[in-house]
Every structure is written in C-alpha cells, then in structure tokens.
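Undergrad: Handing you this structure, nothing more for now.
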Amino acid sequence: MGAFFLLPIGAMFEFSTRGNGINAPRTLEAWSAIGTTPDLVTAITVSLQLAAITSVAMLALLLPTMVWVRLRLPGLSRAVEFICLLPLTVPAIALVVGLRPIYVWININVTDSILALAFAYLILVLPYAYRSLDAGLSTIDLKTLSEAARSLGAGWGTVMLRVVVPNMTSAILNACLLSVALVLGEYTVANILRFENLQVAIAYVGLTSAGTSIAVAVASLLFAFVLLMILSFVGRRRQPSLAAAATDPQYLTAGQRT
Amino acid sequence: MQSTTAARPGVEVRLEDLRRHYATTTALDGLTLTMAPGEMLALLGPSGCGKTTALRLVAGLEEADSGRVVIGGNDVTNTAANKREIGMVFQAYSLFPHMTAIKNVEFGMQLHKVGAAERHERAGEMLELVGLSAHANKYAHQLSGGQQQRVALARALAIKPKVLLLDEPLSALDAKVRSRLRDEIRRVQLEVGTTTLFVTHDQEEALAIADRVGVMNKGRLEQLGPPTTIYSRPATPFVAEFVGLTNRLAGEVRNGEVEVRGARLPLVQPDTANGPAVALVRPENVSLAADGDMQAGPLVGTVIATSFLGATSRVTVDLGDVIVLAQLPTAEAAPHTAGTKVRLSLRKDPVLIARDEKTATEA
C-alpha cells in the first residue's frame, strides 16, 4: 500500500534531481529554482493564503450552522446535508461557468482579489468538510453538553469555543486538512478564472522547466503529507488519557466503582 | 467546607399556569406549584407526562407557550438559560470530556468570574462534598457512571445556584449505585439547602428523598403532597395506581363505605355517591390466613405464586374471578406456597374509588 503512494513520489523526486544529459550527475538545481522563480513563489503564497482563507471561512460557516441545525432545527438536517453534498455533483467547469457571470454582475474582477476564488473553493470543499464535521459531531452528545454549559452560565459563543470545538478537534483538523489539500491541488477553477495559483503556476513552469515543476509538485505532496502527520499527532495528543484508559486495568474496572 | 455548604439560602420557586404544546401534543397543561425555600420537590410520573418539560422550562432550556416561572421573586420566564443561575444535573452523562473532574467543576465558576484561587479551592471543596477528592484529576471516561453524576452534582452546586434541577440523574445507573447515590444527593441537598426540583419516573426514588412529591399525568399535576400522603392517601385513582401496587376489587359504595366481597371498608372520600364501584386496595392491606376448613367464600382463594422481595414477600392469590396481591413480612408469607388455600382479609384502611372503570379486574 505504501509503495502505491511512495513509488510515484519517488519517481517524481528522481526525475526532479536529474542533471542535463544522460550521464550528468544528480543535482538539486530544479529544487533551488523554486525559491528563485518569482511567479512560483507568488503562486505558492497565494495558494497558502487561499487554503487558510477557505479553511477559516469553511469553519466559520459550516460549524455553527451544523451545530444550530442539530440543536434547534433537526428537521432541516437533510436539506443542509443535500446542499453541502451538492458540489460533488457539479463539475468544476460548470461551477466556474455559473460563477463568472455572477462575479461580472456584481462587478468583481476575479484577478484582483483572491476572495473571489476563495468563495468558489468554499463551495468545492463543502462536501468533504461537511462529512468530516458531521462525523465529529456524531461522536459527542452535543445537546447535553451544550445544555450543561448553558446551565452553568455559558453563552453560545462560549459553548462553541470551549465545549464543542475542543471535543471535536480531530474532526475540525480533518476538515481543514481536506480543505487545504483540495485548495493546493485545484487547477481547473483557477485556470478558467485566469488566476495564477500553485497548480496553474506549476503548469506554466512545466512548459519551460519540467524539473522545477515536478519538484514543486513533490513539495506540495510532501506538504500535504506533513499536514496529515501533524493532524494525526495532534489528534493523539489531545486525548492521551483515552489511550491509557484502553489499556490500564484500573480504568477498565472503573465502571463497577461509584 | 462551610464556605460551600453555606452556599446561598434557598429561594422560593413558583411555576404559574405553565403551558407547553408540541404540534398536537400537550406536554404541560397549566402546571402551577410553589416550592418552599430549601425544599426538595420531586415530580413523578410516567414517560410523556410533562415532568421533564416542566424542569426544562424552569431551566430556560425551553420556552413556555404561556405562564410564568418565578425564582426568588424574580420573573425569569423570558430570561436566557445562562442567566438564570440554576444548576442542573442531566439524565445523560454531561461532564465535558476534554476536562478533568476539577476543571469541570471550575468551569461554571470561571464563567461567573470567580478568581482562580477561590475557584480552585471551592472546586476542591465541592469534590470533597461528593466524596471524590481523590478523582479530581481524572477525565470523565476514567470515572464510573455514579462518579460522573456526583461530579456533575458538584459542578452544578459550585456556582451556588438559586435552584438545583435534577433530571432523572440516577436512571442510567444500576440499582445498587442508584440507591446509594440517591441518599447522597439528599445528604448534599440538605447540607447546602438549595431549593431542588427532582424529576423521576421512579416512585421509590421520589418517595425516598423528596420533601414533597408531585404526581403528574398528561401534563397536569394530579396530586402534590408529602410522600406518606401520596402513598397512603392518593387523591386520584391514577395516583393510587401509579404510586405503589393496587388491587382493583369490584364493590358497591353505600353510605360512605364500600362493600367489597363481603368486607366493608371506609372511603378516602366519604362523600362518594352510592353505587357500583372499583375499590383500590393496597397489597399491604391484604392479610392471609390458612386457618379453618377453608369453605369456599368470596375471600377464599388459591396461592398461585410467591415472590421473595427481601424483608417482605408478595403473594399472588387467585380468588376465581380476580387475582389479588398481598404483601406480607417474609416470615408470614412462608407457609403460603403455591397451591395452598388461603383466606384473605382486608384491613380497614380508607380506600379510593375508581368510578370510571367497568368492573374489578386484576392487580
């Protein structure tokens, strides 16, 4: 299974370190070119900003909505789920064709502000983020915990930040990771809207320097991999005692004590 | 310890004509009651009778269609839940999983802007009050169900609430733990003196720890009174049958008494009109004897089962047309094994009449 992922990445890395000519020695020239190609640096910066904006906007929009629907409007949960999963069925090209006239209508020049692209990405990440957050919310007794916090004097903001969020850190990190991965790997929407993000820049750089474009592609994959590792590490660190409880005999018998 | 136990003097709580409907269902139909300062009042009733709705209206977790909730003289009907200064223990385990027991207890105090040092000290005292000082640094999943509910009680009391609300806090626990924790809740409540509303469907629980018990049915309060009155002088047939076991025996009301199978019994309501009726007789008011030659008669029957309950036993007797339960001290019930003939006698305690029923049926 690991080979399935590592083999192509290894091959990409091997390609990105080739020198000019068959017998030329290995070189990191393509990798060092990443930092010295201005368009690429700008594109990486823009993509990272887009990833951050999309993740924050996704959380700000989706988490309170899902919590409110679960607590106050459970009858709407199917409708919200349908709306959130809908982008899965809409091809990126159709989304852009639909968005472009709207941007024109509201006089937004899409090449001026990354917020326009972030809005499109927000729609694209909804299905993945929804699934992740929904799974997280299902693991806690949201109603009881929020009511307990309310009875102790907590306002809704406190309930969200001090009770809901800390108890679904893994789900939130998952949703963010999926959003970041999607944004960093997105090409179609940005290209059609004539916006130069990481993938568009890689495609352009690839026209003149294949080695550099592959090096950037490997770097972005490694970045996603590191994010995943951080997620896994943080997820485990959040609840070290859970792992202890699973193996410690004194906790296994706790159910019989009062 | 005294800094917490002298928490805040209990306040009066008034529910005035509270009504709540869900679509076509009436959850509360004009509930009115007053709780005295420091009193523990239990709302008892079957599922769907409106007792939990009443408690949630007091907590502010739901809104009443009409009526008022007055706590300590202040109308809080339209006050948000987090501003009502109530403490609540839920049926489901409600400790915040990402916090230790002591952090859970400190949570409410932190929101009430209690300083860190005082907060920590008071949280320690509250955990001591519920006997869990040794578990202060454990997370919820490291505590048993009973321990979690005790921490939840400490957490609710730590904010010095005006009212303590207990929403079936023992129902998820096993019988032994439930009984022990029930007594502990009562001890703590008496110690802190907080006015407490306790909701339960378990009559034993309600009768054991409450100063007064309110029996609810279909959104209405059927009877409100001390546990002994509720049990021995039920105001309605519903109360008589819901609280404790009851034999339903056909009889006839005549001049302030009811004649049941040849025995004349006084009535709880002596002004009951003459005519056919069903007398509701408690099993403990039925005595058994195996004397004489047991000629057939209206109160002679055959024992069909004996259930050992500990100090007492319940004997089921078939009188031919009706099954009657008798509850006796185990030593007295011992001779009455299944198949033996017995003669019943009915103690002359006042009985209640169910007029809306057709004829006598079974217990």
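Just so we're on the same page: first chain in the structure tokens is A, next is B, and so on; residues restart at 1 for each chain, and ligands are numbered from 1 in the order they show up.
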Quick one: everything within 7 Å of region 322-339 of chain B, counting only C-alpha atoms, minus sequence neighbours fewer than 6 positions away in the same chain. Send it as a VMD selection string.

TA: chain B and resid 247 283 to 284 286 to 287 302 to 306 311 to 316 361 to 363

Undergrad: Which residues are near Leu137 (chain A)? Cut-off 12 Å, only C-alpha atoms, ignore same chain within fewer than 3 positions. Put them as number ranges by chain.

TA: A: 62-71, 130-134, 140-143, 145, 160, 163-172

Undergrad: Using the chain letters and numbers from this document, which residues of region 23-229 of chain B does DSSP assign to alpha helix (DSSP H), as a PyMOL selection string?

TA: chain B and resi 51-59+101-111+116-129+145-158+175-192+203-209+227-229

Undergrad: Grab the residues selected above and save them as a short mmCIF file (atom, residue, chain, number, x, y, z; two decimals), in the first residue's frame with C-alpha atoms.

TA:
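As written to disk, out_24.cif reads:
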```cif
data_model
loop_
_atom_site.label_atom_id
_atom_site.label_comp_id
_atom_site.auth_asym_id
_atom_site.auth_seq_id
_atom_site.Cartn_x
_atom_site.Cartn_y
_atom_site.Cartn_z
CA LYS B 51 -42.34 16.39 34.18
CA THR B 52 -39.14 16.87 32.17
CA THR B 53 -40.78 19.66 30.17
CA ALA B 54 -41.60 21.42 33.45
CA LEU B 55 -37.98 21.13 34.58
CA ARG B 56 -36.66 22.37 31.24
CA LEU B 57 -38.96 25.37 31.43
CA VAL B 58 -37.53 26.21 34.85
CA ALA B 59 -34.03 25.79 33.42
CA ALA B 101 -13.25 16.42 37.07
CA ILE B 102 -11.91 19.50 38.85
CA LYS B 103 -11.80 21.54 35.63
CA ASN B 104 -15.42 20.56 35.04
CA VAL B 105 -16.34 21.85 38.49
CA GLU B 106 -14.36 25.05 37.90
CA PHE B 107 -15.97 25.70 34.50
CA GLY B 108 -19.13 27.39 35.77
CA MET B 109 -17.26 29.43 38.35
CA GLN B 110 -14.88 30.66 35.66
CA LEU B 111 -17.88 31.91 33.69
CA ALA B 116 -8.56 31.41 40.07
CA ALA B 117 -7.51 30.73 43.66
CA GLU B 118 -11.04 30.80 45.07
CA ARG B 119 -12.28 28.78 42.12
CA HIS B 120 -9.76 26.04 42.66
CA GLU B 121 -10.39 25.96 46.39
CA ARG B 122 -14.16 25.83 46.03
CA ALA B 123 -13.94 23.15 43.31
CA GLY B 124 -11.85 21.06 45.70
CA GLU B 125 -14.43 21.56 48.44
CA MET B 126 -17.28 20.57 46.17
CA LEU B 127 -15.50 17.40 45.10
CA GLU B 128 -14.88 16.66 48.76
CA LEU B 129 -18.58 17.21 49.44
CA GLY B 145 -21.36 6.42 35.89
CA GLY B 146 -22.07 7.12 39.54
CA GLN B 147 -18.86 9.11 39.91
CA GLN B 148 -19.65 11.15 36.82
CA GLN B 149 -23.06 12.07 38.18
CA ARG B 150 -21.51 13.07 41.50
CA VAL B 151 -19.02 15.32 39.72
CA ALA B 152 -21.94 16.75 37.73
CA LEU B 153 -23.71 17.45 41.04
CA ALA B 154 -20.59 19.14 42.42
CA ARG B 155 -20.29 21.17 39.21
CA ALA B 156 -23.92 22.27 39.43
CA LEU B 157 -23.60 23.27 43.09
CA ALA B 158 -20.24 25.02 42.65
CA ALA B 175 -29.85 -0.41 41.24
CA LYS B 176 -27.24 -0.53 43.99
CA VAL B 177 -25.40 2.59 42.84
CA ARG B 178 -28.70 4.34 42.31
CA SER B 179 -29.83 3.72 45.84
CA ARG B 180 -26.52 4.89 47.32
CA LEU B 181 -26.31 7.99 45.15
CA ARG B 182 -29.93 8.84 45.88
CA ASP B 183 -29.14 9.07 49.57
CA GLU B 184 -26.01 11.05 48.80
CA ILE B 185 -27.91 13.58 46.72
CA ARG B 186 -30.34 14.08 49.58
CA ARG B 187 -27.50 14.49 52.09
CA VAL B 188 -25.77 17.07 49.92
CA GLN B 189 -29.02 18.92 49.22
CA LEU B 190 -29.83 19.16 52.92
CA GLU B 191 -26.28 20.33 53.59
CA VAL B 192 -26.31 23.15 51.02
CA GLN B 203 -41.66 6.21 42.60
CA GLU B 204 -39.29 4.65 45.11
CA GLU B 205 -36.73 7.35 44.37
CA ALA B 206 -39.27 10.15 44.66
CA LEU B 207 -40.87 8.87 47.85
CA ALA B 208 -37.49 8.18 49.46
CA ILE B 209 -35.80 11.56 49.19
CA PRO B 227 -44.58 11.15 50.26
CA THR B 228 -46.63 9.47 53.00
CA THR B 229 -49.78 11.27 51.89
#
```

Undergrad: In region 204-240 of chain B, what's strand (DSSP E or B) per DSSP? Answer as an MDAnalysis selection string?

TA: chainID B and resid 212:217 220:225

Undergrad: Create the file for the chosen residues now, containing C-alpha atoms and written as a PDB file, in the first residue's frame.

TA:
```pdb
ATOM      1  CA  ARG B 212     -42.954  16.691  48.703  1.00  0.00           C
ATOM      2  CA  VAL B 213     -43.897  14.703  45.653  1.00  0.00           C
ATOM      3  CA  GLY B 214     -45.941  15.960  42.738  1.00  0.00           C
ATOM      4  CA  VAL B 215     -47.525  13.219  40.651  1.00  0.00           C
ATOM      5  CA  MET B 216     -48.084  14.262  37.048  1.00  0.00           C
ATOM      6  CA  ASN B 217     -50.287  12.799  34.358  1.00  0.00           C
ATOM      7  CA  ARG B 220     -51.299  18.072  34.777  1.00  0.00           C
ATOM      8  CA  LEU B 221     -50.421  17.826  38.437  1.00  0.00           C
ATOM      9  CA  GLU B 222     -52.675  15.089  39.854  1.00  0.00           C
ATOM     10  CA  GLN B 223     -51.524  15.437  43.444  1.00  0.00           C
ATOM     11  CA  LEU B 224     -48.883  17.330  45.382  1.00  0.00           C
ATOM     12  CA  GLY B 225     -48.033  16.360  48.932  1.00  0.00           C
TER      13      GLY B 225
END
```

Undergrad: Give the residues of chain B that lie within 8 Å of chain A; count only C-alpha atoms, and format the answer as an MDAnalysis selection string.

TA: chainID B and resid 59 61 81:90 92:98 107:108 111:112 139 141:147 156 159 177

Undergrad: I want to know what sits within 7 Å of Ala215 (chain A), based on only C-alpha atoms, with residues of the same chain fewer than 3 positions away left out; could you give that as a VMD selection string?

TA: chain A and resid 13 16 30 to 31 211 to 212 218 to 219

Undergrad: Hey, can you check how far CA of Ala210 (chain B) sits from CA of Ser171 (chain B)?

TA: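 Value for the CA of Ala210 (chain B)-CA of Ser171 (chain B) distance: 16.3 Å.
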
Undergrad: Mind checking which residues fall within 10 Å of Leu228 (chain A), counting only C-alpha atoms, ignoring those fewer than 6 positions away in the same chain, and posting them as a PyMOL selection string?

TA: chain A and resi 173-174+177-178+181+222+234

Undergrad: Please compute the CA of Arg26 (chain A)-CA of Ala210 (chain A) distance, one decimal, in Å.

TA: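 Taking CA of Arg26 (chain A) and CA of Ala210 (chain A), their separation equals 15.3 Å.
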
Undergrad: So, counting only C-alpha atoms, which residue among B:Gln91, B:Asp29, B:Glu16, B:Leu43 is closest to Gly67 (chain B)?

TA: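 The shortest atom-to-atom distance to Gly67 (chain B) comes from B:Glu16.
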
Undergrad: Just to confirm, what's the straight-line distance from CA of Arg20 (chain B) to CA of Pro169 (chain B) in Å (one decimal)?

TA: 23.1 Å

Undergrad: Under the rule that only C-alpha atoms are counted, which of B:Val351, B:Val239, B:Met99, B:Ala290 is the nearest residue to Arg264 (chain B)?

TA: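 For Arg264 (chain B), the nearest of the given residues is B:Val351.
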
Undergrad: So that I can see what lies close to region 36-41 of chain A, please list as number ranges by chain the residues with an atom at most 9 Å from it, counting only C-alpha atoms and leaving out residues fewer than 2 positions away in the same chain.

TA: A: 32-34, 43-46, 196-198, 201-202, 205, 216
